[in-house]
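K.L.:
One file is attached below, protein_13.txt, containing compact mmCIF, N, CA and C atoms.
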```txt
# COMPACT_ATOMS: atom_id res chain seq x y z
N MET A 242 -39.42 14.90 -43.58
CA MET A 242 -39.69 14.52 -42.23
C MET A 242 -40.67 15.52 -41.63
N ASN A 243 -41.56 15.03 -40.85
CA ASN A 243 -42.60 15.83 -40.24
C ASN A 243 -42.09 16.47 -38.96
N ARG A 244 -42.51 17.70 -38.73
CA ARG A 244 -42.07 18.43 -37.55
C ARG A 244 -42.59 17.77 -36.27
N ALA A 245 -43.69 17.08 -36.36
CA ALA A 245 -44.27 16.42 -35.19
C ALA A 245 -43.42 15.22 -34.77
N ASP A 246 -42.68 14.65 -35.73
CA ASP A 246 -41.83 13.50 -35.42
C ASP A 246 -40.50 13.89 -34.77
N ASP A 247 -40.11 15.15 -34.89
CA ASP A 247 -38.85 15.61 -34.30
C ASP A 247 -38.96 15.61 -32.77
N PRO A 248 -37.93 15.12 -32.11
CA PRO A 248 -37.98 15.13 -30.65
C PRO A 248 -37.81 16.55 -30.11
N THR A 249 -38.45 16.80 -29.01
CA THR A 249 -38.35 18.13 -28.40
C THR A 249 -37.06 18.20 -27.59
N ILE A 250 -36.70 19.42 -27.24
CA ILE A 250 -35.49 19.61 -26.43
C ILE A 250 -35.66 18.92 -25.08
N GLY A 251 -36.84 19.02 -24.52
CA GLY A 251 -37.10 18.37 -23.23
C GLY A 251 -36.91 16.86 -23.32
N ARG A 252 -37.40 16.29 -24.42
CA ARG A 252 -37.26 14.84 -24.60
C ARG A 252 -35.79 14.46 -24.79
N LEU A 253 -35.06 15.27 -25.58
CA LEU A 253 -33.64 15.00 -25.78
C LEU A 253 -32.87 15.07 -24.46
N VAL A 254 -33.18 16.07 -23.64
CA VAL A 254 -32.52 16.21 -22.34
C VAL A 254 -32.87 15.02 -21.45
N ALA A 255 -34.12 14.61 -21.45
CA ALA A 255 -34.55 13.47 -20.63
C ALA A 255 -33.85 12.19 -21.08
N ASP A 256 -33.77 11.99 -22.41
CA ASP A 256 -33.08 10.81 -22.94
C ASP A 256 -31.60 10.82 -22.57
N ALA A 257 -30.96 11.97 -22.71
CA ALA A 257 -29.54 12.08 -22.38
C ALA A 257 -29.33 11.82 -20.89
N SER A 258 -30.20 12.36 -20.07
CA SER A 258 -30.10 12.17 -18.62
C SER A 258 -30.26 10.69 -18.27
N ARG A 259 -31.23 10.02 -18.90
CA ARG A 259 -31.46 8.60 -18.65
C ARG A 259 -30.25 7.78 -19.09
N ASP A 260 -29.70 8.11 -20.26
CA ASP A 260 -28.54 7.38 -20.78
C ASP A 260 -27.32 7.57 -19.89
N ILE A 261 -27.10 8.80 -19.44
CA ILE A 261 -25.96 9.07 -18.56
C ILE A 261 -26.13 8.32 -17.24
N SER A 262 -27.36 8.32 -16.72
CA SER A 262 -27.62 7.61 -15.47
C SER A 262 -27.36 6.11 -15.63
N ALA A 263 -27.80 5.54 -16.75
CA ALA A 263 -27.56 4.11 -17.01
C ALA A 263 -26.07 3.83 -17.15
N LEU A 264 -25.36 4.72 -17.84
CA LEU A 264 -23.92 4.55 -18.01
C LEU A 264 -23.19 4.60 -16.67
N VAL A 265 -23.55 5.56 -15.84
CA VAL A 265 -22.91 5.69 -14.52
C VAL A 265 -23.21 4.45 -13.67
N GLN A 266 -24.45 3.98 -13.71
CA GLN A 266 -24.80 2.78 -12.94
C GLN A 266 -24.02 1.57 -13.41
N SER A 267 -23.86 1.42 -14.74
CA SER A 267 -23.08 0.28 -15.26
C SER A 267 -21.62 0.39 -14.85
N GLU A 268 -21.07 1.60 -14.88
CA GLU A 268 -19.67 1.78 -14.47
C GLU A 268 -19.49 1.45 -12.99
N ILE A 269 -20.45 1.85 -12.18
CA ILE A 269 -20.38 1.54 -10.75
C ILE A 269 -20.45 0.03 -10.53
N LYS A 270 -21.34 -0.62 -11.27
CA LYS A 270 -21.47 -2.08 -11.18
C LYS A 270 -20.16 -2.76 -11.57
N LEU A 271 -19.55 -2.30 -12.66
CA LEU A 271 -18.29 -2.87 -13.13
C LEU A 271 -17.19 -2.65 -12.08
N ALA A 272 -17.12 -1.45 -11.54
CA ALA A 272 -16.10 -1.14 -10.53
C ALA A 272 -16.28 -2.02 -9.30
N LYS A 273 -17.54 -2.22 -8.88
CA LYS A 273 -17.79 -3.07 -7.71
C LYS A 273 -17.32 -4.49 -7.95
N SER A 274 -17.62 -5.02 -9.14
CA SER A 274 -17.23 -6.41 -9.41
C SER A 274 -15.71 -6.55 -9.49
N GLU A 275 -15.05 -5.57 -10.10
CA GLU A 275 -13.58 -5.61 -10.18
C GLU A 275 -12.96 -5.47 -8.79
N LEU A 276 -13.50 -4.55 -7.99
CA LEU A 276 -12.95 -4.33 -6.66
C LEU A 276 -13.18 -5.53 -5.76
N LYS A 277 -14.33 -6.18 -5.92
CA LYS A 277 -14.63 -7.35 -5.10
C LYS A 277 -13.57 -8.42 -5.34
N PHE A 278 -13.23 -8.66 -6.60
CA PHE A 278 -12.19 -9.64 -6.92
C PHE A 278 -10.84 -9.18 -6.39
N SER A 279 -10.52 -7.90 -6.59
CA SER A 279 -9.22 -7.38 -6.15
C SER A 279 -9.08 -7.44 -4.63
N VAL A 280 -10.13 -7.09 -3.92
CA VAL A 280 -10.08 -7.10 -2.46
C VAL A 280 -9.91 -8.53 -1.96
N LYS A 281 -10.63 -9.46 -2.58
CA LYS A 281 -10.51 -10.86 -2.16
C LYS A 281 -9.09 -11.37 -2.40
N ALA A 282 -8.55 -11.11 -3.60
CA ALA A 282 -7.19 -11.55 -3.91
C ALA A 282 -6.18 -10.86 -3.01
N GLY A 283 -6.39 -9.57 -2.75
CA GLY A 283 -5.49 -8.83 -1.87
C GLY A 283 -5.52 -9.37 -0.45
N GLY A 284 -6.70 -9.70 0.04
CA GLY A 284 -6.82 -10.26 1.39
C GLY A 284 -6.13 -11.60 1.52
N ILE A 285 -6.34 -12.46 0.52
CA ILE A 285 -5.68 -13.76 0.55
C ILE A 285 -4.17 -13.59 0.46
N GLY A 286 -3.72 -12.70 -0.43
CA GLY A 286 -2.29 -12.44 -0.57
C GLY A 286 -1.68 -11.91 0.72
N ALA A 287 -2.37 -10.98 1.37
CA ALA A 287 -1.86 -10.42 2.62
C ALA A 287 -1.81 -11.49 3.71
N GLY A 288 -2.82 -12.34 3.74
CA GLY A 288 -2.83 -13.43 4.71
C GLY A 288 -1.67 -14.39 4.50
N LEU A 289 -1.41 -14.73 3.24
CA LEU A 289 -0.30 -15.63 2.95
C LEU A 289 1.05 -14.98 3.28
N LEU A 290 1.17 -13.68 3.05
CA LEU A 290 2.41 -12.99 3.43
C LEU A 290 2.59 -12.97 4.95
N ALA A 291 1.49 -12.84 5.69
CA ALA A 291 1.57 -12.89 7.15
C ALA A 291 2.03 -14.27 7.62
N VAL A 292 1.51 -15.31 6.98
CA VAL A 292 1.94 -16.68 7.32
C VAL A 292 3.43 -16.85 7.02
N ALA A 293 3.86 -16.35 5.85
CA ALA A 293 5.27 -16.45 5.48
C ALA A 293 6.15 -15.68 6.47
N ALA A 294 5.69 -14.51 6.91
CA ALA A 294 6.46 -13.73 7.89
C ALA A 294 6.57 -14.49 9.22
N PHE A 295 5.49 -15.13 9.62
CA PHE A 295 5.52 -15.92 10.85
C PHE A 295 6.52 -17.07 10.73
N PHE A 296 6.47 -17.78 9.61
CA PHE A 296 7.42 -18.88 9.41
C PHE A 296 8.86 -18.35 9.34
N GLY A 297 9.03 -17.18 8.73
CA GLY A 297 10.36 -16.57 8.70
C GLY A 297 10.87 -16.26 10.09
N LEU A 298 9.97 -15.78 10.95
CA LEU A 298 10.34 -15.51 12.34
C LEU A 298 10.74 -16.81 13.05
N LEU A 299 9.98 -17.87 12.81
CA LEU A 299 10.34 -19.17 13.40
C LEU A 299 11.70 -19.64 12.92
N ILE A 300 11.99 -19.41 11.64
CA ILE A 300 13.29 -19.80 11.09
C ILE A 300 14.42 -19.04 11.79
N VAL A 301 14.22 -17.74 11.99
CA VAL A 301 15.25 -16.94 12.66
C VAL A 301 15.47 -17.45 14.08
N VAL A 302 14.39 -17.76 14.79
CA VAL A 302 14.51 -18.27 16.16
C VAL A 302 15.27 -19.60 16.16
N MET A 303 14.88 -20.50 15.27
CA MET A 303 15.54 -21.81 15.23
C MET A 303 17.02 -21.69 14.85
N LEU A 304 17.32 -20.84 13.89
CA LEU A 304 18.72 -20.66 13.50
C LEU A 304 19.53 -20.01 14.62
N SER A 305 18.89 -19.13 15.38
CA SER A 305 19.58 -18.51 16.51
C SER A 305 19.92 -19.54 17.57
N ILE A 306 18.95 -20.38 17.89
CA ILE A 306 19.20 -21.44 18.87
C ILE A 306 20.27 -22.39 18.35
N SER A 307 20.16 -22.74 17.07
CA SER A 307 21.17 -23.64 16.48
C SER A 307 22.55 -23.01 16.52
N GLY A 308 22.63 -21.72 16.23
CA GLY A 308 23.92 -21.02 16.27
C GLY A 308 24.52 -21.03 17.66
N ALA A 309 23.66 -20.81 18.66
CA ALA A 309 24.15 -20.82 20.04
C ALA A 309 24.65 -22.21 20.42
N TYR A 310 23.92 -23.23 20.04
CA TYR A 310 24.37 -24.60 20.35
C TYR A 310 25.63 -24.96 19.56
N PHE A 311 25.74 -24.42 18.35
CA PHE A 311 26.97 -24.65 17.59
C PHE A 311 28.16 -24.05 18.33
N LEU A 312 27.97 -22.86 18.89
CA LEU A 312 29.06 -22.24 19.66
C LEU A 312 29.41 -23.07 20.90
N THR A 313 28.41 -23.71 21.51
CA THR A 313 28.72 -24.56 22.67
C THR A 313 29.50 -25.80 22.24
N MET A 314 29.31 -26.23 20.99
CA MET A 314 30.07 -27.39 20.50
C MET A 314 31.55 -27.07 20.38
N THR A 315 31.89 -25.79 20.27
CA THR A 315 33.30 -25.40 20.18
C THR A 315 33.94 -25.32 21.56
N GLY A 316 33.15 -25.62 22.59
CA GLY A 316 33.70 -25.61 23.95
C GLY A 316 33.29 -24.41 24.75
N LEU A 317 32.50 -23.51 24.18
CA LEU A 317 32.06 -22.31 24.89
C LEU A 317 30.92 -22.66 25.84
N ASP A 318 30.88 -21.98 26.97
CA ASP A 318 29.79 -22.18 27.92
C ASP A 318 28.46 -21.78 27.26
N PRO A 319 27.38 -22.53 27.46
CA PRO A 319 26.10 -22.22 26.81
C PRO A 319 25.60 -20.80 27.09
N ALA A 320 25.80 -20.31 28.30
CA ALA A 320 25.35 -18.95 28.62
C ALA A 320 26.06 -17.93 27.74
N TRP A 321 27.37 -18.09 27.59
CA TRP A 321 28.13 -17.17 26.74
C TRP A 321 27.72 -17.32 25.27
N ALA A 322 27.45 -18.52 24.85
CA ALA A 322 27.05 -18.75 23.46
C ALA A 322 25.74 -18.02 23.15
N PHE A 323 24.76 -18.14 24.06
CA PHE A 323 23.48 -17.45 23.84
C PHE A 323 23.64 -15.94 23.94
N LEU A 324 24.53 -15.47 24.82
CA LEU A 324 24.78 -14.03 24.92
C LEU A 324 25.44 -13.50 23.65
N ILE A 325 26.31 -14.28 23.04
CA ILE A 325 26.95 -13.86 21.79
C ILE A 325 25.90 -13.73 20.69
N VAL A 326 25.00 -14.71 20.60
CA VAL A 326 23.94 -14.65 19.59
C VAL A 326 23.04 -13.43 19.85
N ALA A 327 22.70 -13.19 21.12
CA ALA A 327 21.89 -12.02 21.46
C ALA A 327 22.64 -10.74 21.11
N GLY A 328 23.95 -10.72 21.35
CA GLY A 328 24.76 -9.55 21.01
C GLY A 328 24.75 -9.25 19.52
N VAL A 329 24.77 -10.31 18.71
CA VAL A 329 24.68 -10.12 17.25
C VAL A 329 23.37 -9.41 16.90
N TYR A 330 22.27 -9.83 17.54
CA TYR A 330 20.99 -9.18 17.28
C TYR A 330 20.97 -7.74 17.77
N VAL A 331 21.64 -7.46 18.88
CA VAL A 331 21.72 -6.08 19.37
C VAL A 331 22.44 -5.21 18.35
N VAL A 332 23.56 -5.71 17.82
CA VAL A 332 24.32 -4.95 16.81
C VAL A 332 23.48 -4.73 15.56
N LEU A 333 22.78 -5.78 15.09
CA LEU A 333 21.93 -5.64 13.90
C LEU A 333 20.80 -4.64 14.15
N THR A 334 20.24 -4.65 15.35
CA THR A 334 19.18 -3.71 15.70
C THR A 334 19.69 -2.28 15.68
N ILE A 335 20.85 -2.05 16.27
CA ILE A 335 21.43 -0.71 16.29
C ILE A 335 21.72 -0.22 14.87
N LEU A 336 22.27 -1.10 14.04
CA LEU A 336 22.53 -0.72 12.64
C LEU A 336 21.24 -0.37 11.91
N ALA A 337 20.19 -1.16 12.13
CA ALA A 337 18.90 -0.88 11.48
C ALA A 337 18.32 0.45 11.95
N ILE A 338 18.46 0.75 13.24
CA ILE A 338 17.97 2.03 13.77
C ILE A 338 18.72 3.19 13.14
N ILE A 339 20.04 3.09 13.10
CA ILE A 339 20.85 4.17 12.52
C ILE A 339 20.51 4.38 11.05
N LEU A 340 20.43 3.29 10.30
CA LEU A 340 20.10 3.39 8.87
C LEU A 340 18.70 3.97 8.68
N GLY A 341 17.75 3.54 9.51
CA GLY A 341 16.39 4.06 9.42
C GLY A 341 16.33 5.55 9.69
N ILE A 342 17.05 6.01 10.70
CA ILE A 342 17.07 7.44 11.02
C ILE A 342 17.70 8.24 9.88
N VAL A 343 18.80 7.73 9.33
CA VAL A 343 19.45 8.43 8.21
C VAL A 343 18.49 8.55 7.03
N LEU A 344 17.79 7.47 6.71
CA LEU A 344 16.86 7.51 5.58
C LEU A 344 15.66 8.40 5.87
N LEU A 345 15.16 8.41 7.11
CA LEU A 345 14.02 9.26 7.45
C LEU A 345 14.38 10.74 7.38
N LYS A 346 15.63 11.07 7.66
CA LYS A 346 16.05 12.47 7.58
C LYS A 346 16.09 12.96 6.14
N LYS A 347 16.13 12.04 5.17
CA LYS A 347 16.16 12.42 3.76
C LYS A 347 14.77 12.68 3.19
N VAL A 348 13.73 12.38 3.97
CA VAL A 348 12.35 12.56 3.49
C VAL A 348 12.04 14.05 3.46
N ARG A 349 11.54 14.51 2.33
CA ARG A 349 11.19 15.92 2.14
C ARG A 349 9.75 16.02 1.64
N ALA A 350 9.13 17.13 1.89
CA ALA A 350 7.78 17.36 1.40
C ALA A 350 7.82 17.54 -0.12
N PRO A 351 6.77 17.11 -0.82
CA PRO A 351 6.72 17.27 -2.28
C PRO A 351 6.39 18.73 -2.64
N LYS A 352 7.42 19.57 -2.69
CA LYS A 352 7.22 21.02 -2.85
C LYS A 352 6.49 21.38 -4.14
N ARG A 353 6.90 20.78 -5.27
CA ARG A 353 6.25 21.13 -6.54
C ARG A 353 4.79 20.72 -6.54
N THR A 354 4.48 19.57 -5.97
CA THR A 354 3.10 19.12 -5.92
C THR A 354 2.26 20.05 -5.06
N ILE A 355 2.81 20.49 -3.94
CA ILE A 355 2.09 21.41 -3.07
C ILE A 355 1.83 22.73 -3.79
N GLU A 356 2.84 23.22 -4.52
CA GLU A 356 2.68 24.48 -5.26
C GLU A 356 1.60 24.36 -6.32
N THR A 357 1.62 23.28 -7.09
CA THR A 357 0.60 23.13 -8.14
C THR A 357 -0.78 22.88 -7.54
N ALA A 358 -0.85 22.21 -6.39
CA ALA A 358 -2.14 21.98 -5.75
C ALA A 358 -2.75 23.30 -5.27
N LYS A 359 -1.90 24.23 -4.87
CA LYS A 359 -2.40 25.54 -4.44
C LYS A 359 -2.98 26.34 -5.60
N GLU A 360 -2.55 26.02 -6.83
CA GLU A 360 -3.04 26.74 -8.01
C GLU A 360 -4.38 26.20 -8.51
N ILE A 361 -4.77 25.03 -8.08
CA ILE A 361 -5.99 24.40 -8.60
C ILE A 361 -7.25 25.22 -8.32
N PRO A 362 -7.49 25.70 -7.08
CA PRO A 362 -8.73 26.46 -6.86
C PRO A 362 -8.84 27.69 -7.77
N ALA A 363 -7.74 28.39 -7.96
CA ALA A 363 -7.78 29.58 -8.83
C ALA A 363 -8.06 29.17 -10.27
N ALA A 364 -7.47 28.06 -10.71
CA ALA A 364 -7.69 27.60 -12.08
C ALA A 364 -9.14 27.18 -12.28
N LEU A 365 -9.74 26.58 -11.27
CA LEU A 365 -11.13 26.16 -11.40
C LEU A 365 -12.07 27.36 -11.45
N LYS A 366 -11.67 28.44 -10.81
CA LYS A 366 -12.48 29.65 -10.85
C LYS A 366 -12.23 30.46 -12.11
N GLY A 367 -11.25 30.04 -12.91
CA GLY A 367 -10.98 30.72 -14.17
C GLY A 367 -10.03 31.88 -14.05
N ARG A 368 -9.36 31.99 -12.92
CA ARG A 368 -8.40 33.07 -12.73
C ARG A 368 -6.99 32.54 -12.86
N PRO A 369 -6.11 33.30 -13.49
CA PRO A 369 -4.71 32.87 -13.53
C PRO A 369 -4.10 32.99 -12.14
N SER A 370 -3.14 32.12 -11.84
CA SER A 370 -2.53 32.14 -10.50
C SER A 370 -1.51 33.23 -10.37
```
Taking this structure as input, can you express it in the form of structure tokens?
P.N.:
Amino acid sequence: MNRADDPTIGRLVADASRDISALVQSEIKLAKSELKFSVKAGGIGAGLLAVAAFFGLLIVVMLSISGAYFLTMTGLDPAWAFLIVAGVYVVLTILAIILGIVLLKKVRAPKRTIETAKEIPAALKGRPS
């Protein structure tokens, strides 16, 4: 092989730089196309869940009214029947608040993750922590 045919270091670096640039651009293109599909599917899914939540709310309202009218069928005054149904929701709300507070008090900071994250800058500088 002739020495004139051998690529120079500058040419090798330029070729490697061009190849890396092309690779990065293709990866970005691939990521964009995947994300576009994911975002579209996620948006449609979130919209459908919102519709389902709205219908669920309507179901709760209708069942509440039906429950109150059922209580009036037993001979109870309609005002008392609706107050009983409202009282059930008050009790459920209080229980949800208490349970939520109990669970929120159990939330703790991720101590080990914080400790290891503090070690990263020193590790990047090549110093032991």
K.L.:
Enclose the full set of atoms of region 335-348 of chain A listed in the file within a box whose edges lie along x, y and z, apply 8 Å of padding to each of the six sides, and report centre and edge lengths in Å to one decimal as JSON.
P.N.:
```
{"center_x": 17.3, "center_y": 6.0, "center_z": 9.7, "size_x": 26.5, "size_y": 32.1, "size_z": 29.1}
```
K.L.:
For atom N of Ala309 (chain A) and CA of Ala322 (chain A), quote the distance in Å rounded to one decimal.
P.N.:
6.2 Å
K.L.:
Could you make a table, as a tab-separated table, of the residues of region 243-337 of chain A that have an atom within 10 Å of an atom of region 341-352 of chain A, each with its nearest atom pair and distance in Å to one decimal, counting only C-alpha atoms, in chain and number order?
P.N.:
```
residue	atom	partner	partner_atom	distance
A:Ile335	CA	A:Gly341	CA	9.8
A:Leu336	CA	A:Gly341	CA	8.4
A:Ala337	CA	A:Gly341	CA	5.9
```
K.L.:
Considering only alpha helix (DSSP H) as DSSP defines it on the backbone, what residues of chain A qualify? List them as a ChimeraX atom specification.
P.N.:
/A:250-314,319-346,352-365
K.L.:
Write out as JSON lines a residue-level contact list of region 302-345 of chain A versus region 295-298 of chain A with cut-off 8 Å: for each qualifying residue the closest pair of atoms and the distance in Å to one decimal, counting all atoms listed in the file, rows sorted by chain and residue number upward.
P.N.:
```
{"residue": "A:Val302", "atom": "N", "partner": "A:Leu298", "partner_atom": "C", "distance": 4.2}
{"residue": "A:Met303", "atom": "N", "partner": "A:Leu298", "partner_atom": "C", "distance": 6.0}
{"residue": "A:Leu304", "atom": "N", "partner": "A:Leu298", "partner_atom": "C", "distance": 7.8}
```
K.L.:
Just how far from CA of Ala294 (chain A) is CA of Leu276 (chain A), in Å to one decimal?
P.N.:
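Between these atoms lies a distance of 26.0 Å.
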K.L.:
Between atom C of Pro319 (chain A) and atom C of Ser307 (chain A), what distance in Å does the model show, to one decimal?
P.N.:
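If I compute the distance from atom C of Pro319 (chain A) to atom C of Ser307 (chain A), I get 11.2 Å.
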